[in-house]
Amino acid sequence: MYRLVIVSGPNRGSSFTLSQGENTIGRQDDNNIVLSSGKVSKRHCALLVSDSGVFLRDEGSTNGTFVNGGLVKKLELKSGDKIGLGDFVLELVQLGVSNQISSLSPSHLGSMPMSHGSSALQPQFLGGKPESQERPRLSLVTSREAVEPGDLPGKLQFIFEEKIMPTFYGMMMKSEYRSIVAILFACLVGISVVGTAMPMQDLAEKSVIRESMLRARALAREVADRALPAIASHAESQIDLSVLENDDSVRLVAIVNTNLQIIAPQSRLGQLFGGAEESRFVGAMAKAFKDGKETGEGVLINDHTAVFIEPIKTTDARQIKSQVAGMAIVSIDFSGNMLQSGGLGVAYGVGFVVAGIAAFLAFLIITRLSFKPYEVLNDDLDQVLRGELPRVTHEFKMEETAALWTNVNATVQRLPKGGNQEFTAAATESTVDWDQELLALRALCDPAQQGFVAFDQAFMITGMNPQFEEISGIRLESVGQNVQQAARDQAFGLLISDLKERIASSPSRSVMDEFEFSGVAYQVIGVGVGPVSKGGFAAVFKRKE
């Protein structure tokens with residue numbers, strides 16, 4: 001049987017039991033062993049346990065897997081090897097059959113020394129699952145790469161976690177947090193300005209083009225209606241287009257017949273229409289009208305000119321049907337209504353300034369929100385060490401850092417406090433390392449799925465395991481609090497007070513009792529822990545069959 005023990009890094013001293021087959025390690029929750037750190041990949045490596053030994057396989061991690069200081073991809077491990085993953089160093093420990101304890105009794109507790117080196121076993125990692133509820137193991141032929149989910153939300157999360165975030169994690173290892181956030185905000189400003197201004201500009205241009213084409217059509221129809229009587233009576237000399245010719249936005253206005261001879265304006269009467277950009281479109285429309293087309297049509301001949309041609313139809317007395325006797329041509333130049341490059345640059349500049357100011361304010365707010373909790377933590381910690389505060393306060397609602405405050409409080413409760421913040425040798429010797437004192441108790445209780453809670457002589461909670469949290473409802477974050485603060489249950493408080501008195505008077509430092517949580521009866525084993533002079537004790541809860 002093998003176990004991994006964290007010997008360096010966060011949660012030092014915690015341990016994980018390895019199962020036969022594949023044991024995956026990473027920061028994602030579906031791994032067998034979860035290590036919460038940005039330097040640990042989502043699926044970092046795997047340990048393959050078989051009768052022949054333990055084999056390590058790197059799963060394509062970003063920061064690599066190290067064994068005894070060397071970077072490895074695949075390696076057969078032996079007991080005592082140290083595995084480096086990000087901030088963590090884990091030691092592989094092989095356990096004998098004699099070390100596997102499945103039951104708990106007062107005699108075991110009373111006879112077991114609770115000293116710093118009391119057990120080779122280490123406590124289970126409190127952030128993981130109990131060993132009796134191990135995560136499903138993956139096949140030994142699992143791909144080295146993380147498997148991409150089939151559903152769209154899963155794919156998006158996979159891309160975000162596996163492709164995008166590792167880049168930023170790597171950046172944060174080399175650059176300041178503020179610099180990275182500032183770069184992100186600068187990119188956000190550029191994308192937002194360009195992404196919003198360009199569609200608006202495109203929409204405005206389309207609107208100008210549409211309005212210009214509608215105006216060209218309206219003017220062409222007006223010219224056709226006014227010219228019809230004169231053309232029908234063969235009095236083309238009476239057609240007057242001077243009003244439209246004086247319009248600055250009207251590029252061209254003319255009336256021609258289907259043979260492209262100009263009927264109006266009078267200054268060009270009888271000339272052949274040509275030379276203008278509109279000529280090709282006019283020629284195409286003349287042919288279309290000869291072939292029977294009866295409705296007008298418009299087109300853009302360049303990026304700032306709209307042309308519309310409206311037919312002028314008269315009645316042929318011989319054939320008793322209408323025919324196209326002329327074409328009213330109106331060309332509109334709408335370049336004056338379009339945003340020019342200079343104006344466009346000003347618009348973008350204003351957009352960048354406004355968005356930049358807003359982004360800068362957001363940057364300041366976010367960075368202050370990010371750092372303020374840690375500034376308060378630092379100030380409170382300083383006051384706690386000077387004895388001015390009983391504990392560090394957790395005022396800000398930041399779920400991701402709740403465990404940090406809990407661990408800090410649990411730690412500072414065990415440190416000597418003084419105005420000069422200097423620890424003398426005597427003070428250091430008098431301080432009890434309760435985590436170390438409870439190692440053997442955890443090693444006994446965790447495999448047996450029995451809950452325990454430990455106290456110092458002032459009834460401050462010095463430790464508990466997840467099984468006790470599940471039994472009692474008292475949160476792991478209560479470590480460092482007084483029993484009455486944490487439990488708010490007078491009966492439980494009386495039980496603990498009674499156990500303390502009886503343990504103090506017992507030669508074996510162990511007693512037995514019974515108690516109920518939510519109607520479930522438990523056998524309670526009280527046992528002294530730590531130095532006798534410190535009066536530490538623990539209560540172990542074993543469900544009655």
# chains A, B, ... in the order shown; residues from 1 in each chain; ligands from 1
>>> residues_around(residues="stretch 46-57 of chain A", least_positions_apart="6", cutoff="12 Å", atoms="only C-alpha atoms", output="PyMOL selection string")
chain A and resi 1-4+17-26+31-34+64-67+71-85+92-94+137-146
>>> residues_around(residues="A:Phe308", least_positions_apart="3", cutoff="12 Å", atoms="only C-alpha atoms", output="VMD selection string")
chain A and resid 212 to 224 250 to 255 278 281 to 282 285 295 to 301 305 311 327 to 333
>>> residues_around(residues="A:Leu495", least_positions_apart="5", cutoff="9 Å", atoms="only C-alpha atoms", output="PDB file with all heavy atoms, in the first residue's frame")
ATOM      1  N   GLN A 490     -25.400  23.844  24.029  1.00  0.00           N
ATOM      2  CA  GLN A 490     -25.030  23.750  25.449  1.00  0.00           C
ATOM      3  C   GLN A 490     -24.718  22.308  25.836  1.00  0.00           C
ATOM      4  O   GLN A 490     -23.784  22.045  26.600  1.00  0.00           O
ATOM      5  CB  GLN A 490     -26.165  24.298  26.328  1.00  0.00           C
ATOM      6  CG  GLN A 490     -25.792  24.400  27.798  1.00  0.00           C
ATOM      7  CD  GLN A 490     -26.883  25.063  28.613  1.00  0.00           C
ATOM      8  OE1 GLN A 490     -27.942  25.378  28.094  1.00  0.00           O
ATOM      9  NE2 GLN A 490     -26.628  25.293  29.892  1.00  0.00           N
ATOM     10  N   LYS A 500     -13.100  16.707  29.666  1.00  0.00           N
ATOM     11  CA  LYS A 500     -11.823  17.306  30.081  1.00  0.00           C
ATOM     12  C   LYS A 500     -11.522  16.980  31.537  1.00  0.00           C
ATOM     13  O   LYS A 500     -10.399  16.592  31.895  1.00  0.00           O
ATOM     14  CB  LYS A 500     -11.858  18.809  29.861  1.00  0.00           C
ATOM     15  CG  LYS A 500     -10.562  19.536  30.267  1.00  0.00           C
ATOM     16  CD  LYS A 500     -10.674  21.012  29.979  1.00  0.00           C
ATOM     17  CE  LYS A 500      -9.361  21.735  30.301  1.00  0.00           C
ATOM     18  NZ  LYS A 500      -8.979  21.629  31.716  1.00  0.00           N
ATOM     19  N   ASP A 513     -17.879   7.770  26.780  1.00  0.00           N
ATOM     20  CA  ASP A 513     -19.191   8.355  27.039  1.00  0.00           C
ATOM     21  C   ASP A 513     -20.051   8.105  25.801  1.00  0.00           C
ATOM     22  O   ASP A 513     -19.629   7.452  24.845  1.00  0.00           O
ATOM     23  CB  ASP A 513     -19.071   9.846  27.330  1.00  0.00           C
ATOM     24  CG  ASP A 513     -20.170  10.347  28.258  1.00  0.00           C
ATOM     25  OD1 ASP A 513     -21.307   9.832  28.156  1.00  0.00           O
ATOM     26  OD2 ASP A 513     -19.888  11.261  29.055  1.00  0.00           O
ATOM     27  N   PHE A 515     -23.127  10.150  23.127  1.00  0.00           N
ATOM     28  CA  PHE A 515     -23.730  11.438  22.749  1.00  0.00           C
ATOM     29  C   PHE A 515     -24.502  11.246  21.452  1.00  0.00           C
ATOM     30  O   PHE A 515     -24.227  10.317  20.675  1.00  0.00           O
ATOM     31  CB  PHE A 515     -22.645  12.508  22.560  1.00  0.00           C
ATOM     32  CG  PHE A 515     -23.169  13.918  22.507  1.00  0.00           C
ATOM     33  CD1 PHE A 515     -23.585  14.557  23.667  1.00  0.00           C
ATOM     34  CD2 PHE A 515     -23.265  14.595  21.301  1.00  0.00           C
ATOM     35  CE1 PHE A 515     -24.074  15.850  23.622  1.00  0.00           C
ATOM     36  CE2 PHE A 515     -23.750  15.891  21.253  1.00  0.00           C
ATOM     37  CZ  PHE A 515     -24.163  16.519  22.426  1.00  0.00           C
TER      38      PHE A 515
END
>>> residues_around(residues="stretch 372-376 of chain A", least_positions_apart="3", cutoff="10 Å", atoms="only C-alpha atoms", output="list in words")
Ile366, Thr367, Arg368, Leu369, Asp379, Asp380, Leu381, Asp382, Val392, Thr393, His394, Glu395, Phe396, Lys397, Met398, Thr401 and Trp405 of chain A
>>> write_last_selection(atoms="N, CA and C atoms", output="PDB file, in the first residue's frame")
ATOM      1  N   ILE A 366     -10.747  47.421  -9.431  1.00  0.00           N
ATOM      2  CA  ILE A 366     -10.531  45.969  -9.358  1.00  0.00           C
ATOM      3  C   ILE A 366      -9.236  45.651  -8.605  1.00  0.00           C
ATOM      4  N   THR A 367      -8.167  46.391  -8.882  1.00  0.00           N
ATOM      5  CA  THR A 367      -6.912  46.113  -8.172  1.00  0.00           C
ATOM      6  C   THR A 367      -7.043  46.418  -6.687  1.00  0.00           C
ATOM      7  N   ARG A 368      -7.763  47.478  -6.357  1.00  0.00           N
ATOM      8  CA  ARG A 368      -7.956  47.779  -4.933  1.00  0.00           C
ATOM      9  C   ARG A 368      -8.827  46.720  -4.263  1.00  0.00           C
ATOM     10  N   LEU A 369      -9.860  46.264  -4.977  1.00  0.00           N
ATOM     11  CA  LEU A 369     -10.687  45.184  -4.432  1.00  0.00           C
ATOM     12  C   LEU A 369      -9.875  43.910  -4.244  1.00  0.00           C
ATOM     13  N   ASP A 379      -2.693  43.809   8.429  1.00  0.00           N
ATOM     14  CA  ASP A 379      -2.843  44.693   9.592  1.00  0.00           C
ATOM     15  C   ASP A 379      -3.409  43.936  10.793  1.00  0.00           C
ATOM     16  N   ASP A 380      -4.454  43.115  10.540  1.00  0.00           N
ATOM     17  CA  ASP A 380      -5.050  42.361  11.639  1.00  0.00           C
ATOM     18  C   ASP A 380      -4.064  41.360  12.225  1.00  0.00           C
ATOM     19  N   LEU A 381      -3.290  40.713  11.348  1.00  0.00           N
ATOM     20  CA  LEU A 381      -2.315  39.740  11.819  1.00  0.00           C
ATOM     21  C   LEU A 381      -1.273  40.407  12.710  1.00  0.00           C
ATOM     22  N   ASP A 382      -0.864  41.603  12.313  1.00  0.00           N
ATOM     23  CA  ASP A 382       0.101  42.342  13.124  1.00  0.00           C
ATOM     24  C   ASP A 382      -0.473  42.656  14.500  1.00  0.00           C
ATOM     25  N   VAL A 392      -7.927  37.190  13.640  1.00  0.00           N
ATOM     26  CA  VAL A 392      -8.017  37.920  12.368  1.00  0.00           C
ATOM     27  C   VAL A 392      -9.467  37.933  11.907  1.00  0.00           C
ATOM     28  N   THR A 393      -9.956  39.097  11.505  1.00  0.00           N
ATOM     29  CA  THR A 393     -11.345  39.209  11.048  1.00  0.00           C
ATOM     30  C   THR A 393     -11.427  38.977   9.549  1.00  0.00           C
ATOM     31  N   HIS A 394     -12.502  38.323   9.156  1.00  0.00           N
ATOM     32  CA  HIS A 394     -12.740  38.063   7.729  1.00  0.00           C
ATOM     33  C   HIS A 394     -13.968  38.861   7.314  1.00  0.00           C
ATOM     34  N   GLU A 395     -13.749  40.121   6.915  1.00  0.00           N
ATOM     35  CA  GLU A 395     -14.859  41.032   6.633  1.00  0.00           C
ATOM     36  C   GLU A 395     -15.313  40.978   5.186  1.00  0.00           C
ATOM     37  N   PHE A 396     -14.412  40.688   4.281  1.00  0.00           N
ATOM     38  CA  PHE A 396     -14.731  40.763   2.855  1.00  0.00           C
ATOM     39  C   PHE A 396     -15.261  39.426   2.362  1.00  0.00           C
ATOM     40  N   LYS A 397     -16.299  39.484   1.531  1.00  0.00           N
ATOM     41  CA  LYS A 397     -16.924  38.271   0.986  1.00  0.00           C
ATOM     42  C   LYS A 397     -16.149  37.817  -0.248  1.00  0.00           C
ATOM     43  N   MET A 398     -15.151  36.980  -0.020  1.00  0.00           N
ATOM     44  CA  MET A 398     -14.365  36.422  -1.115  1.00  0.00           C
ATOM     45  C   MET A 398     -14.202  34.930  -0.830  1.00  0.00           C
ATOM     46  N   THR A 401     -10.867  32.890  -0.821  1.00  0.00           N
ATOM     47  CA  THR A 401      -9.836  33.106   0.198  1.00  0.00           C
ATOM     48  C   THR A 401     -10.315  32.756   1.600  1.00  0.00           C
ATOM     49  N   TRP A 405      -8.079  32.626   5.468  1.00  0.00           N
ATOM     50  CA  TRP A 405      -8.358  33.275   6.748  1.00  0.00           C
ATOM     51  C   TRP A 405      -8.495  32.233   7.866  1.00  0.00           C
TER      52      TRP A 405
END
>>> closest_residue(among="A:Pro390, A:Lys42, A:Glu469, A:Asn378", to="A:Gln157", atoms="only C-alpha atoms")
A:Lys42
>>> select_by_dssp(residues="stretch 145-361 of chain A", states="strand (DSSP E or B)", output="ChimeraX atom specification")
/A:250-256,261-264,272,297-302,305-316,321-333
>>> closest_residue(among="A:Ser8, A:Gln449, A:Ser41, A:Gln28", to="A:Tyr169", atoms="only C-alpha atoms")
A:Ser41
>>> select_by_dssp(residues="stretch 155-394 of chain A", states="alpha helix (DSSP H)", output="MDAnalysis selection string")
chainID A and resid 155:159 165:174 177:232 242:245 279:290 341:385
>>> residues_around(residues="A:Leu499", least_positions_apart="6", cutoff="10 Å", atoms="only C-alpha atoms", output="PDB file with N, CA and C atoms, in the first residue's frame")
ATOM      1  N   GLY A 493     -21.288  21.407  24.699  1.00  0.00           N
ATOM      2  CA  GLY A 493     -20.317  22.085  25.550  1.00  0.00           C
ATOM      3  C   GLY A 493     -20.157  21.407  26.893  1.00  0.00           C
ATOM      4  N   SER A 510      -7.749   8.521  29.225  1.00  0.00           N
ATOM      5  CA  SER A 510      -8.788   8.164  28.262  1.00  0.00           C
ATOM      6  C   SER A 510     -10.042   7.762  29.013  1.00  0.00           C
ATOM      7  N   VAL A 511     -11.207   8.203  28.501  1.00  0.00           N
ATOM      8  CA  VAL A 511     -12.509   7.889  29.101  1.00  0.00           C
ATOM      9  C   VAL A 511     -13.496   7.612  27.977  1.00  0.00           C
ATOM     10  N   MET A 512     -14.687   7.110  28.350  1.00  0.00           N
ATOM     11  CA  MET A 512     -15.726   6.813  27.365  1.00  0.00           C
ATOM     12  C   MET A 512     -17.032   7.448  27.790  1.00  0.00           C
ATOM     13  N   ASP A 513     -17.879   7.770  26.780  1.00  0.00           N
ATOM     14  CA  ASP A 513     -19.191   8.355  27.039  1.00  0.00           C
ATOM     15  C   ASP A 513     -20.051   8.105  25.801  1.00  0.00           C
ATOM     16  N   VAL A 524     -18.484   7.929  22.426  1.00  0.00           N
ATOM     17  CA  VAL A 524     -17.514   9.012  22.518  1.00  0.00           C
ATOM     18  C   VAL A 524     -16.314   8.524  23.314  1.00  0.00           C
ATOM     19  N   ILE A 525     -15.133   8.667  22.745  1.00  0.00           N
ATOM     20  CA  ILE A 525     -13.896   8.291  23.412  1.00  0.00           C
ATOM     21  C   ILE A 525     -13.105   9.560  23.640  1.00  0.00           C
ATOM     22  N   GLY A 526     -12.894   9.905  24.895  1.00  0.00           N
ATOM     23  CA  GLY A 526     -12.098  11.068  25.240  1.00  0.00           C
ATOM     24  C   GLY A 526     -10.680  10.658  25.546  1.00  0.00           C
ATOM     25  N   VAL A 527      -9.712  11.366  25.030  1.00  0.00           N
ATOM     26  CA  VAL A 527      -8.305  11.010  25.205  1.00  0.00           C
ATOM     27  C   VAL A 527      -7.477  12.278  25.295  1.00  0.00           C
ATOM     28  N   GLY A 528      -6.442  12.242  26.146  1.00  0.00           N
ATOM     29  CA  GLY A 528      -5.540  13.368  26.254  1.00  0.00           C
ATOM     30  C   GLY A 528      -4.562  13.394  25.108  1.00  0.00           C
ATOM     31  N   PHE A 537      -6.802  17.775  24.869  1.00  0.00           N
ATOM     32  CA  PHE A 537      -7.587  16.533  24.817  1.00  0.00           C
ATOM     33  C   PHE A 537      -8.407  16.509  23.530  1.00  0.00           C
ATOM     34  N   ALA A 538      -8.915  15.300  23.206  1.00  0.00           N
ATOM     35  CA  ALA A 538      -9.705  15.123  21.993  1.00  0.00           C
ATOM     36  C   ALA A 538     -10.881  14.216  22.275  1.00  0.00           C
ATOM     37  N   ALA A 539     -11.944  14.373  21.487  1.00  0.00           N
ATOM     38  CA  ALA A 539     -13.130  13.516  21.568  1.00  0.00           C
ATOM     39  C   ALA A 539     -13.297  12.824  20.227  1.00  0.00           C
TER      40      ALA A 539
END
>>> atom_distance(atom1="atom CA of A:Lys313", atom2="atom CA of A:Leu228")
7.5 Å
>>> residues_around(residues="A:Ala264", least_positions_apart="5", cutoff="8 Å", atoms="only C-alpha atoms", output="PyMOL selection string")
chain A and resi 236-237+239-241+254-256+269
>>> residues_around(residues="A:Gly463", least_positions_apart="2", cutoff="7 Å", atoms="only C-alpha atoms", output="PyMOL selection string")
chain A and resi 453-454+461+479
>>> closest_residue(among="A:Ile309, A:Ala362, A:Leu404, A:Ala487", to="A:Ala182", atoms="only C-alpha atoms")
A:Ala362
>>> atom_distance(atom1="atom CA of A:Pro229", atom2="atom CA of A:Ala284")
25.5 Å
>>> decode(residues="stretch 378-481 of chain A", atoms="C-alpha atoms", output="short mmCIF file (atom, residue, chain, number, x, y, z; two decimals), in the first residue's frame")
data_model
loop_
_atom_site.label_atom_id
_atom_site.label_comp_id
_atom_site.auth_asym_id
_atom_site.auth_seq_id
_atom_site.Cartn_x
_atom_site.Cartn_y
_atom_site.Cartn_z
CA ASN A 378 -1.76 41.90 7.22
CA ASP A 379 -2.84 44.69 9.59
CA ASP A 380 -5.05 42.36 11.64
CA LEU A 381 -2.31 39.74 11.82
CA ASP A 382 0.10 42.34 13.12
CA GLN A 383 -2.40 43.36 15.83
CA VAL A 384 -3.10 39.74 16.76
CA LEU A 385 0.63 39.06 17.21
CA ARG A 386 0.87 42.15 19.44
CA GLY A 387 -2.09 40.90 21.46
CA GLU A 388 -4.38 43.78 20.48
CA LEU A 389 -6.92 41.55 18.68
CA PRO A 390 -8.08 38.02 19.59
CA ARG A 391 -8.21 36.82 16.00
CA VAL A 392 -8.02 37.92 12.37
CA THR A 393 -11.34 39.21 11.05
CA HIS A 394 -12.74 38.06 7.73
CA GLU A 395 -14.86 41.03 6.63
CA PHE A 396 -14.73 40.76 2.86
CA LYS A 397 -16.92 38.27 0.99
CA MET A 398 -14.37 36.42 -1.11
CA GLU A 399 -15.14 32.73 -1.13
CA GLU A 400 -11.85 31.71 -2.75
CA THR A 401 -9.84 33.11 0.20
CA ALA A 402 -12.05 31.89 3.05
CA ALA A 403 -9.76 28.92 3.69
CA LEU A 404 -6.77 31.27 3.94
CA TRP A 405 -8.36 33.27 6.75
CA THR A 406 -9.31 30.07 8.54
CA ASN A 407 -5.76 28.72 8.33
CA VAL A 408 -4.28 32.04 9.44
CA ASN A 409 -6.60 32.16 12.45
CA ALA A 410 -5.83 28.56 13.34
CA THR A 411 -2.11 29.34 13.16
CA VAL A 412 -2.03 32.62 15.07
CA GLN A 413 -4.00 31.08 17.95
CA ARG A 414 -1.01 28.83 18.56
CA LEU A 415 1.63 31.59 18.41
CA PRO A 416 2.84 33.55 21.45
CA LYS A 417 1.85 37.19 21.31
CA GLY A 418 3.79 40.17 22.60
CA GLY A 419 4.24 43.87 22.02
CA ASN A 420 7.77 43.49 20.64
CA GLN A 421 6.85 40.51 18.38
CA GLU A 422 10.09 38.75 19.40
CA PHE A 423 9.76 35.12 20.40
CA THR A 424 12.12 34.05 23.14
CA ALA A 425 13.45 30.54 23.40
CA ALA A 426 11.26 29.86 26.40
CA ALA A 427 8.14 31.04 24.60
CA THR A 428 8.95 28.89 21.58
CA GLU A 429 9.43 25.83 23.76
CA SER A 430 6.08 26.42 25.47
CA THR A 431 4.17 26.57 22.19
CA VAL A 432 2.44 23.33 21.21
CA ASP A 433 2.34 22.30 17.55
CA TRP A 434 -1.16 20.84 17.64
CA ASP A 435 -1.04 19.79 13.99
CA GLN A 436 1.93 17.62 14.78
CA GLU A 437 0.39 16.34 18.00
CA LEU A 438 -2.74 15.24 16.15
CA LEU A 439 -0.97 13.33 13.37
CA ALA A 440 -1.40 9.94 15.02
CA LEU A 441 -5.04 10.67 15.87
CA ARG A 442 -5.78 11.55 12.26
CA ALA A 443 -4.01 8.41 11.08
CA LEU A 444 -6.30 6.34 13.31
CA CYS A 445 -9.59 8.12 12.69
CA ASP A 446 -9.48 8.93 8.99
CA PRO A 447 -9.19 5.36 7.61
CA ALA A 448 -11.86 4.18 10.08
CA GLN A 449 -14.21 7.02 9.03
CA GLN A 450 -14.52 8.17 12.65
CA GLY A 451 -14.80 11.83 13.54
CA PHE A 452 -12.65 13.63 16.08
CA VAL A 453 -12.33 17.13 17.49
CA ALA A 454 -9.43 18.32 19.67
CA PHE A 455 -9.15 21.15 22.21
CA ASP A 456 -6.53 22.89 24.27
CA GLN A 457 -6.95 23.49 28.00
CA ALA A 458 -8.88 26.73 27.28
CA PHE A 459 -11.46 24.79 25.19
CA MET A 460 -10.18 26.34 21.95
CA ILE A 461 -10.58 23.95 19.02
CA THR A 462 -7.12 22.90 17.83
CA GLY A 463 -8.16 20.47 15.11
CA MET A 464 -10.88 18.27 13.64
CA ASN A 465 -11.39 16.06 10.60
CA PRO A 466 -14.00 16.14 7.82
CA GLN A 467 -15.82 13.17 9.33
CA PHE A 468 -16.53 15.17 12.50
CA GLU A 469 -17.75 18.09 10.36
CA GLU A 470 -20.18 15.74 8.64
CA ILE A 471 -21.34 14.25 11.97
CA SER A 472 -21.78 17.49 13.93
CA GLY A 473 -22.26 20.22 11.32
CA ILE A 474 -19.43 22.20 12.95
CA ARG A 475 -17.35 23.60 10.10
CA LEU A 476 -13.63 22.96 9.65
CA GLU A 477 -13.24 26.75 9.66
CA SER A 478 -14.08 26.69 13.39
CA VAL A 479 -10.52 25.63 14.26
CA GLY A 480 -9.17 28.36 16.54
CA GLN A 481 -12.59 29.18 18.03
#
